[in-house]
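S.K.: Structure file data-v1.txt (compact mmCIF, C-alpha atoms and all ligand atoms) is given on the next line.
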```txt
# COMPACT_ATOMS: atom_id res chain seq x y z
CA MET D 13 36.12 -15.78 64.80
CA ARG D 14 36.06 -12.63 62.67
CA THR D 15 39.27 -10.72 62.09
CA ARG D 16 40.07 -7.75 59.90
CA PHE D 17 42.86 -5.90 58.19
CA ALA D 18 42.40 -2.13 58.27
CA PRO D 19 44.97 -0.34 56.10
CA SER D 20 45.04 3.42 55.56
CA PRO D 21 45.42 4.10 51.81
CA THR D 22 48.14 6.69 52.30
CA GLY D 23 51.01 4.73 50.75
CA PRO D 24 51.97 1.35 49.36
CA LEU D 25 51.40 -1.93 51.14
CA HIS D 26 54.78 -2.92 52.58
CA LEU D 27 56.15 -6.01 54.31
CA GLY D 28 54.80 -4.90 57.69
CA HIS D 29 51.28 -4.56 56.34
CA ALA D 30 51.55 -7.87 54.51
CA PHE D 31 52.53 -9.56 57.79
CA SER D 32 49.58 -7.94 59.57
CA ALA D 33 47.10 -8.92 56.86
CA LEU D 34 48.43 -12.49 56.60
CA THR D 35 48.39 -12.93 60.39
CA ALA D 36 44.77 -11.74 60.72
CA HIS D 37 43.74 -13.78 57.68
CA ASP D 38 45.48 -17.00 58.74
CA MET D 39 44.08 -16.78 62.28
CA ALA D 40 40.53 -16.52 60.97
CA ARG D 41 40.96 -19.27 58.38
CA ALA D 42 42.59 -21.64 60.90
CA ALA D 43 39.54 -21.23 63.13
CA GLY D 44 37.05 -21.61 60.26
CA GLY D 45 36.11 -17.96 60.75
CA SER D 46 35.86 -14.88 58.54
CA PHE D 47 38.35 -12.27 57.45
CA LEU D 48 37.27 -8.73 56.54
CA LEU D 49 38.85 -5.69 54.97
CA ARG D 50 38.37 -2.08 56.06
CA ILE D 51 39.78 0.94 54.27
CA GLU D 52 40.68 3.56 56.89
CA ASP D 53 40.52 6.71 54.82
CA ILE D 54 39.16 9.32 57.23
CA ASP D 55 42.25 11.43 56.63
CA GLN D 56 41.11 12.63 53.23
CA SER D 57 44.12 14.92 52.94
CA ARG D 58 46.39 11.85 52.71
CA ALA D 59 44.19 9.00 51.45
CA ARG D 60 44.31 8.30 47.70
CA PRO D 61 42.08 6.00 45.61
CA GLU D 62 45.21 4.85 43.73
CA TRP D 63 46.73 3.57 46.96
CA GLU D 64 43.49 1.80 47.85
CA ALA D 65 43.44 0.09 44.45
CA GLN D 66 47.09 -0.93 44.79
CA ILE D 67 46.56 -2.28 48.32
CA VAL D 68 43.56 -4.38 47.22
CA GLU D 69 45.53 -5.66 44.25
CA ASP D 70 48.55 -6.60 46.42
CA LEU D 71 46.31 -8.37 48.95
CA HIS D 72 44.70 -10.43 46.19
CA TRP D 73 48.14 -11.25 44.83
CA LEU D 74 49.17 -12.46 48.30
CA GLY D 75 46.27 -14.91 48.07
CA LEU D 76 43.95 -13.15 50.50
CA SER D 77 40.20 -12.91 50.07
CA TRP D 78 37.62 -11.35 52.35
CA ASP D 79 34.15 -12.47 53.22
CA ALA D 80 32.15 -9.26 52.86
CA ARG D 81 32.29 -6.04 50.93
CA PRO D 82 35.13 -3.90 52.35
CA LEU D 83 33.98 -1.12 54.65
CA ARG D 84 35.33 2.24 53.56
CA GLN D 85 35.40 4.71 56.46
CA SER D 86 34.67 7.75 54.30
CA ASP D 87 31.33 6.06 53.44
CA ASN D 88 30.50 5.60 57.09
CA MET D 89 30.60 9.16 58.47
CA ALA D 90 26.94 9.00 59.60
CA ALA D 91 27.82 6.22 62.05
CA TYR D 92 30.63 8.30 63.58
CA ASP D 93 28.29 11.29 63.83
CA ALA D 94 25.77 9.16 65.69
CA ALA D 95 28.42 7.96 68.15
CA LEU D 96 29.66 11.52 68.73
CA ASP D 97 26.08 12.72 69.21
CA ALA D 98 25.52 10.05 71.87
CA LEU D 99 28.66 11.08 73.78
CA TRP D 100 27.86 14.79 73.37
CA ALA D 101 24.32 14.27 74.72
CA ARG D 102 25.86 12.82 77.90
CA GLY D 103 28.15 15.82 78.37
CA LEU D 104 31.27 13.71 77.80
CA LEU D 105 32.73 15.82 74.97
CA TYR D 106 33.94 19.38 74.86
CA ARG D 107 35.17 21.65 72.14
CA CYS D 108 38.90 22.33 72.03
CA ASP D 109 40.51 25.19 70.10
CA CYS D 110 44.11 24.50 71.11
CA ASN D 111 46.76 23.89 68.50
CA ARG D 112 49.89 21.80 69.04
CA ARG D 113 51.89 24.81 70.15
CA ASP D 114 49.26 25.84 72.77
CA ILE D 115 49.26 22.32 74.16
CA ALA D 116 53.05 22.10 74.31
CA ALA D 117 53.22 25.50 76.07
CA ALA D 118 50.49 24.66 78.61
CA ALA D 119 51.88 21.17 79.26
CA SER D 120 55.34 22.50 79.98
CA ALA D 121 54.18 25.22 82.39
CA PRO D 122 56.20 24.88 85.64
CA GLN D 123 53.17 23.95 87.80
CA GLU D 124 52.39 20.99 85.52
CA GLY D 125 55.60 19.08 86.30
CA ALA D 126 57.30 17.07 83.53
CA PRO D 127 55.09 16.86 80.42
CA LEU D 128 53.47 13.44 80.10
CA ILE D 129 53.39 11.60 76.80
CA GLY D 130 50.36 9.38 76.13
CA PRO D 131 49.40 7.25 73.12
CA ASP D 132 48.36 10.39 71.19
CA GLY D 133 51.39 12.48 72.14
CA LEU D 134 51.39 15.04 74.94
CA VAL D 135 48.69 14.43 77.54
CA TYR D 136 46.26 17.32 77.10
CA PRO D 137 46.54 19.70 80.08
CA GLY D 138 42.79 20.44 80.05
CA THR D 139 42.95 24.08 78.92
CA CYS D 140 39.55 24.06 77.14
CA ARG D 141 37.78 21.63 79.47
CA GLU D 142 35.67 24.27 81.23
CA LYS D 143 35.80 26.91 78.51
CA HIS D 144 32.92 26.03 76.17
CA ARG D 145 29.33 25.15 76.88
CA ARG D 146 28.40 21.50 76.52
CA SER D 147 24.66 22.02 76.05
CA GLY D 148 22.79 22.67 72.82
CA PRO D 149 23.70 21.23 69.44
CA ARG D 150 27.05 19.52 69.01
CA PRO D 151 29.59 21.84 67.33
CA HIS D 152 30.67 20.71 63.87
CA GLY D 153 33.92 21.70 62.21
CA ALA D 154 35.57 21.84 65.64
CA ALA D 155 37.84 19.47 67.53
CA LEU D 156 36.03 17.57 70.29
CA ARG D 157 37.81 15.96 73.22
CA LEU D 158 36.61 13.26 75.58
CA ASP D 159 36.37 14.48 79.17
CA MET D 160 38.32 11.53 80.51
CA PRO D 161 37.65 12.03 84.25
CA ARG D 162 33.93 12.29 83.61
CA ALA D 163 33.93 9.41 81.12
CA CYS D 164 35.63 7.20 83.74
CA ASP D 165 33.31 8.27 86.55
CA ASP D 166 31.77 4.87 87.36
CA LEU D 167 34.85 2.81 86.56
CA THR D 168 37.73 1.60 88.69
CA GLU D 169 39.56 -0.18 85.87
CA VAL D 170 39.36 -1.02 82.19
CA ARG D 171 39.70 -4.69 81.32
CA TYR D 172 40.46 -6.50 78.11
CA THR D 173 42.09 -9.68 76.87
CA GLU D 174 45.41 -9.55 75.09
CA LYS D 175 46.51 -12.85 73.50
CA ASP D 176 44.36 -14.86 75.97
CA THR D 177 45.77 -12.97 78.96
CA PRO D 178 43.44 -10.73 80.97
CA VAL D 179 44.67 -7.15 81.39
CA ALA D 180 43.22 -4.72 83.95
CA LEU D 181 44.31 -1.11 83.72
CA PRO D 182 43.58 1.04 86.80
CA ILE D 183 41.41 4.00 85.83
CA HIS D 184 43.95 6.62 86.95
CA GLN D 185 46.19 5.42 84.14
CA LEU D 186 43.56 6.51 81.65
CA ILE D 187 42.83 9.80 83.39
CA ASP D 188 46.44 10.79 84.07
CA GLY D 189 48.41 8.78 81.52
CA ILE D 190 46.15 9.16 78.47
CA GLY D 191 43.98 12.15 79.26
CA ASP D 192 41.33 13.92 77.19
CA VAL D 193 41.86 12.35 73.75
CA VAL D 194 40.49 14.00 70.61
CA LEU D 195 37.49 12.04 69.28
CA ALA D 196 36.59 14.44 66.46
CA ARG D 197 39.36 16.20 64.60
CA ARG D 198 38.49 19.61 63.22
CA GLU D 199 39.32 18.71 59.63
CA MET D 200 37.99 15.11 59.70
CA GLY D 201 34.83 15.23 61.80
CA THR D 202 35.96 12.00 63.46
CA SER D 203 39.18 10.36 64.67
CA TYR D 204 41.07 7.10 64.44
CA HIS D 205 39.95 5.97 67.92
CA LEU D 206 36.26 6.67 67.43
CA SER D 207 36.05 5.23 63.91
CA VAL D 208 37.93 2.03 64.74
CA VAL D 209 35.64 1.26 67.65
CA VAL D 210 32.45 1.99 65.72
CA ASP D 211 33.64 -0.06 62.74
CA ASP D 212 34.96 -3.06 64.66
CA ALA D 213 31.44 -3.31 66.09
CA ALA D 214 29.77 -2.69 62.70
CA GLN D 215 31.86 -5.45 61.13
CA ALA D 216 31.24 -7.71 64.18
CA ILE D 217 34.97 -8.23 64.67
CA THR D 218 35.62 -10.75 67.45
CA HIS D 219 39.45 -10.59 67.36
CA VAL D 220 41.30 -7.36 66.67
CA VAL D 221 44.63 -8.41 65.17
CA ARG D 222 47.07 -5.53 64.58
CA GLY D 223 50.62 -4.36 65.21
CA GLU D 224 51.93 -3.84 68.73
CA ASP D 225 52.52 -0.16 67.90
CA LEU D 226 48.75 0.20 68.44
CA ALA D 227 48.64 -1.67 71.77
CA ASP D 228 48.65 1.59 73.78
CA ALA D 229 45.43 2.67 72.06
CA THR D 230 43.54 -0.40 73.30
CA PRO D 231 42.48 1.04 76.70
CA ILE D 232 40.98 4.03 74.84
CA HIS D 233 39.13 1.66 72.52
CA ARG D 234 37.82 -0.44 75.40
CA LEU D 235 36.60 2.64 77.23
CA LEU D 236 34.78 3.85 74.10
CA GLN D 237 33.18 0.41 73.70
CA ILE D 238 31.94 0.62 77.29
CA LEU D 239 30.61 4.17 76.82
CA LEU D 240 28.89 3.33 73.52
CA GLY D 241 27.57 -0.07 74.65
CA LEU D 242 29.52 -1.96 71.98
CA PRO D 243 30.72 -5.58 72.24
CA GLU D 244 34.20 -6.34 73.55
CA PRO D 245 36.56 -8.03 71.07
CA PHE D 246 39.67 -10.00 71.99
CA TYR D 247 42.94 -8.25 71.19
CA HIS D 248 46.02 -9.70 69.57
CA HIS D 249 48.89 -7.29 68.96
CA HIS D 250 51.55 -8.90 66.83
CA ARG D 251 55.27 -8.22 66.51
CA LEU D 252 56.40 -5.56 64.06
CA ILE D 253 58.47 -6.13 60.96
CA ARG D 254 61.63 -4.06 61.18
CA ASP D 255 64.21 -2.98 58.65
CA ASP D 256 67.85 -4.07 58.79
CA HIS D 257 68.56 -1.33 61.33
CA GLY D 258 65.79 -2.54 63.65
CA LYS D 259 63.53 0.36 62.75
CA ARG D 260 59.81 -0.21 62.26
CA LEU D 261 58.84 -0.07 58.59
CA ALA D 262 56.96 3.06 57.62
CA LYS D 263 54.83 3.92 54.61
CA ARG D 264 57.72 5.79 53.03
CA ASP D 265 59.90 2.67 53.00
CA ASP D 266 59.17 2.11 49.36
CA ALA D 267 62.04 -0.39 49.20
CA ARG D 268 59.85 -2.76 51.23
CA ALA D 269 56.72 -2.16 49.17
CA ILE D 270 55.07 -5.38 48.05
CA ALA D 271 54.82 -3.89 44.56
CA ARG D 272 58.63 -3.67 44.49
CA TYR D 273 59.06 -7.31 45.50
CA ARG D 274 56.50 -8.29 42.86
CA ALA D 275 58.31 -6.32 40.19
CA ASP D 276 61.53 -8.08 41.22
CA GLY D 277 59.88 -11.47 40.65
CA ALA D 278 59.10 -12.51 44.25
CA SER D 279 56.24 -14.95 44.87
CA PRO D 280 53.63 -14.74 47.64
CA ALA D 281 55.47 -17.63 49.31
CA ASP D 282 58.67 -15.55 49.26
CA ILE D 283 56.80 -12.73 51.06
CA ARG D 284 55.53 -15.16 53.70
CA ALA D 285 59.08 -16.43 54.22
CA LEU D 286 60.47 -12.89 54.42
CA VAL D 287 58.13 -12.00 57.30
CA GLY D 288 58.71 -15.30 59.07
CA LEU D 289 55.42 -17.03 58.30
N1 LIG D 301 44.62 1.98 59.91
C1 LIG D 301 45.59 1.63 60.89
C2 LIG D 301 46.98 1.53 60.22
O1 LIG D 301 47.10 1.59 59.04
C3 LIG D 301 45.29 0.31 61.59
C4 LIG D 301 44.20 0.47 62.59
C5 LIG D 301 43.89 -0.75 63.43
O2 LIG D 301 44.21 -1.89 63.04
O3 LIG D 301 43.26 -0.58 64.48
O4 LIG D 301 47.98 1.43 60.90
```
Just dump the structure as C-alpha cells.
M.R.:
Amino acid sequence: MRTRFAPSPTGPLHLGHAFSALTAHDMARAAGGSFLLRIEDIDQSRARPEWEAQIVEDLHWLGLSWDARPLRQSDNMAAYDAALDALWARGLLYRCDCNRRDIAAAASAPQEGAPLIGPDGLVYPGTCREKHRRSGPRPHGAALRLDMPRACDDLTEVRYTEKDTPVALPIHQLIDGIGDVVLARREMGTSYHLSVVVDDAAQAITHVVRGEDLADATPIHRLLQILLGLPEPFYHHHRLIRDDHGKRLAKRDDARAIARYRADGASPADIRALVGL
C-alpha cells in the first residue's frame, strides 16, 4: 500500500489537513506500506514557499515521516506537458477562450434548460468545442478543455473502488453531468485534475486517501487514467472536519491552524484526539 498527502501550500495546515494526513499515514503504516508527500503548487499565484515550509514543519511535529523525497508539482511541469500532448495528438482537447461570464451567459440561455452544476462549477455548454482547429501544434498559454463526448467514445461506464465498494458511473453522467472539464488552465499550463492523475501514477500511489469534498472529481480522474493508460488506484474519501457551526474548515480558518494549537501548548496526541483519531 502506498498512500499520499497532497497539500496545496496556499495557507496554514489546519485540523482538517492534519486529519487527512494522519489518516493516509496511519492506513499505510498499519498495512506495512509507504506514505508519501506531494506539494500541489501549480497555482503559483497563491502558493508560497513559506506555507510549504510551515506545512512540512507541522507534519513533522505531528510525528509523520514520508518514504521518498516529496514531489513538488511546479518541478514536474514536463510530465503534465507530455500528458497534454498525448491527449492533444488524439484530438481530445480543444482550446477555449470563454471566461466565467461567457460560460454563465451561455449556460443560462433559454434553450439550455436549467444550468447544470458539475464538480468544477457550471457544466460547460460547449461554446468553443467546434471553434478552433485541433490539428497542428498544441496551443500554449491557452485554456484547453477535454472533449468529454469524444473522450468517452468507447466507454459505457467508468468504474472505480471506493472504500472496498465497487462504483460504476454510467457514461452519460460524465458527458452531461460533468462535461468538458478544463485540463490546462491558461495561467497554469495544467490543472488540478490532470496533475493529480499524472502524479498519483508517478508516485505509484495504490490508495488515494483524501477528503470527501473531492469525491466528485474521482470519475474525472478515473477517465483520465483510462485515457492516459495509467494504473487504477483504490479510493478512500474520508469524512471532513467541521467547525462548531458544521461548516467545513477552510484555509482561512486560522483559528484551527496547527501552528495556533502548537503555540497554545497542544501536543500531537491532543490533535489526534481533537479530530477523533
Ligand atoms: N491539493 C488538494 C487539496 O489541498 C488535494 C488533492 C488530492 O488529494 O487529490 O485539497
S.K.: May I ask you to write as a list in words all residues lying at most 7 Å from ligand LIG 301 (chain D), with all atoms listed in the file counted?
M.R.: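 Residues lying within 7 Å of ligand LIG 301 (chain D): Phe17, Ala18, Pro19, Ser20, Glu52, Val208, Val221, Arg222 and Leu226 of chain D.
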S.K.: Could you check the closest approach to Pro24 of chain D for each of D:Ala116, D:Ala213, D:Ala121, D:Ala65 and tell me which residue wins, using all atoms listed in the file?
M.R.: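 Closest to Pro24 of chain D of all the choices is D:Ala65.
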S.K.: Calculated over all atoms listed in the file, which of the candidates D:Leu167, D:Ala42, D:Ala91, D:Leu128 has the smallest distance to Leu206 of chain D?
M.R.: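 Checking each of D:Leu167, D:Ala42, D:Ala91, D:Leu128 against Leu206 of chain D, counting all atoms listed in the file, the winner is D:Ala91.
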S.K.: Residues near Gly241 of chain D, anyone? I mean within 12 Å using only C-alpha atoms, not counting same-chain ones fewer than 5 positions away, as a PyMOL selection string.
M.R.: chain D and resi 95+98-99+209-210+213+233-236
S.K.: State, in Å with one decimal place, the distance from atom CA of Leu242 of chain D to atom CA of Gly223 of chain D.
M.R.: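 Between atom CA of Leu242 of chain D and atom CA of Gly223 of chain D the gap is 22.3 Å.
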S.K.: When distances are computed from all atoms listed in the file, which of D:His219, D:Lys143, D:Arg197, D:His184 shows the smallest separation from Phe47 of chain D?
M.R.: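 Result for the nearest residue to Phe47 of chain D: D:His219.
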S.K.: Need to verify the contact set: Val220 of chain D, 7 Å, all atoms listed in the file, exclusion of same-chain residues closer than 2 positions in sequence. Can you return it as a list in words?
M.R.: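 Near Val220 of chain D, the qualifying residues are Thr15, Arg16, Ile217, Thr218, Arg222, Pro245, Phe246, Tyr247 and His248 of chain D.
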S.K.: Kindly export the residues of the current selection with C-alpha atoms, as a PDB file, keeping the file's coordinate frame.
M.R.:
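Okay, this is what ended up in result24.pdb:
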```pdb
ATOM      1  CA  THR D  15      39.270 -10.720  62.090  1.00  0.00           C
ATOM      2  CA  ARG D  16      40.070  -7.750  59.900  1.00  0.00           C
ATOM      3  CA  ILE D 217      34.970  -8.230  64.670  1.00  0.00           C
ATOM      4  CA  THR D 218      35.620 -10.750  67.450  1.00  0.00           C
ATOM      5  CA  ARG D 222      47.070  -5.530  64.580  1.00  0.00           C
ATOM      6  CA  PRO D 245      36.560  -8.030  71.070  1.00  0.00           C
ATOM      7  CA  PHE D 246      39.670 -10.000  71.990  1.00  0.00           C
ATOM      8  CA  TYR D 247      42.940  -8.250  71.190  1.00  0.00           C
ATOM      9  CA  HIS D 248      46.020  -9.700  69.570  1.00  0.00           C
TER      10      HIS D 248
END
```
S.K.: Give as a compact mmCIF listing (two decimals) with C-alpha atoms, in the coordinates of the input every residue, naming chains and numbers as the document does, that has an atom within 12 Å of (34.3, 9.1, 58.2), counting only C-alpha atoms.
M.R.:
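Generated file (result-v6.txt):
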```txt
# COMPACT_ATOMS: atom_id res chain seq x y z
CA ILE D 51 39.78 0.94 54.27
CA GLU D 52 40.68 3.56 56.89
CA ASP D 53 40.52 6.71 54.82
CA ILE D 54 39.16 9.32 57.23
CA ASP D 55 42.25 11.43 56.63
CA GLN D 56 41.11 12.63 53.23
CA ALA D 59 44.19 9.00 51.45
CA LEU D 83 33.98 -1.12 54.65
CA ARG D 84 35.33 2.24 53.56
CA GLN D 85 35.40 4.71 56.46
CA SER D 86 34.67 7.75 54.30
CA ASP D 87 31.33 6.06 53.44
CA ASN D 88 30.50 5.60 57.09
CA MET D 89 30.60 9.16 58.47
CA ALA D 90 26.94 9.00 59.60
CA ALA D 91 27.82 6.22 62.05
CA TYR D 92 30.63 8.30 63.58
CA ASP D 93 28.29 11.29 63.83
CA ALA D 94 25.77 9.16 65.69
CA ALA D 95 28.42 7.96 68.15
CA LEU D 96 29.66 11.52 68.73
CA LEU D 195 37.49 12.04 69.28
CA ALA D 196 36.59 14.44 66.46
CA ARG D 197 39.36 16.20 64.60
CA GLU D 199 39.32 18.71 59.63
CA MET D 200 37.99 15.11 59.70
CA GLY D 201 34.83 15.23 61.80
CA THR D 202 35.96 12.00 63.46
CA SER D 203 39.18 10.36 64.67
CA TYR D 204 41.07 7.10 64.44
CA HIS D 205 39.95 5.97 67.92
CA LEU D 206 36.26 6.67 67.43
CA SER D 207 36.05 5.23 63.91
CA VAL D 208 37.93 2.03 64.74
CA VAL D 210 32.45 1.99 65.72
CA ASP D 211 33.64 -0.06 62.74
```
S.K.: List the residues sitting within 9 Å of (35.6, -11.4, 51.1) in the file's frame, using only C-alpha atoms, as JSON, numbers by chain.
M.R.: {"D": [46, 47, 48, 49, 76, 77, 78, 79, 80, 81, 82]}
S.K.: Can you work out the spacing between atom CA of Ala229 of chain D and atom CA of Gly258 of chain D in Å, to one decimal?
M.R.: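 Straight-line distance from atom CA of Ala229 of chain D to atom CA of Gly258 of chain D works out to 22.6 Å.
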S.K.: Could you check how far atom CA of Met160 of chain D sits from atom CA of Arg102 of chain D, in Å to one decimal?
M.R.: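 Straight-line distance from atom CA of Met160 of chain D to atom CA of Arg102 of chain D works out to 12.8 Å.
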S.K.: Using all atoms listed in the file, which residues sit within 12 Å of Pro151 of chain D once same-chain residues fewer than 2 positions away are excluded, as a list in words?
M.R.: Asp93, Leu96, Asp97, Trp100, Ala101, Leu105, Tyr106, Arg107, Cys108, Asp109, His144, Arg145, Arg146, Ser147, Gly148, Pro149, Gly153, Ala154, Ala155, Leu156, Arg157, Ala196, Arg197, Arg198 and Gly201 of chain D
S.K.: Which of these, D:Lys175, D:Arg272, D:Arg50, D:Arg260, has the shortest distance to Gln215 of chain D once you count all atoms listed in the file?
M.R.: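 Answer, going by the shortest atom-to-atom distance: D:Arg50.
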S.K.: Of the residues D:Arg284, D:His72, D:Arg14, D:Arg141, which is the one nearest to Arg41 of chain D, using all atoms listed in the file?
M.R.: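 With all atoms listed in the file as the atom set, the closest residue is D:Arg14.
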S.K.: Which residue out of D:Ala216, D:Ala163, D:Ile232, D:Ile190 has the minimum interatomic distance to Ile129 of chain D when only C-alpha atoms are used?
M.R.: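 When distances to Ile129 of chain D are compared using only C-alpha atoms, the smallest one comes from D:Ile190.
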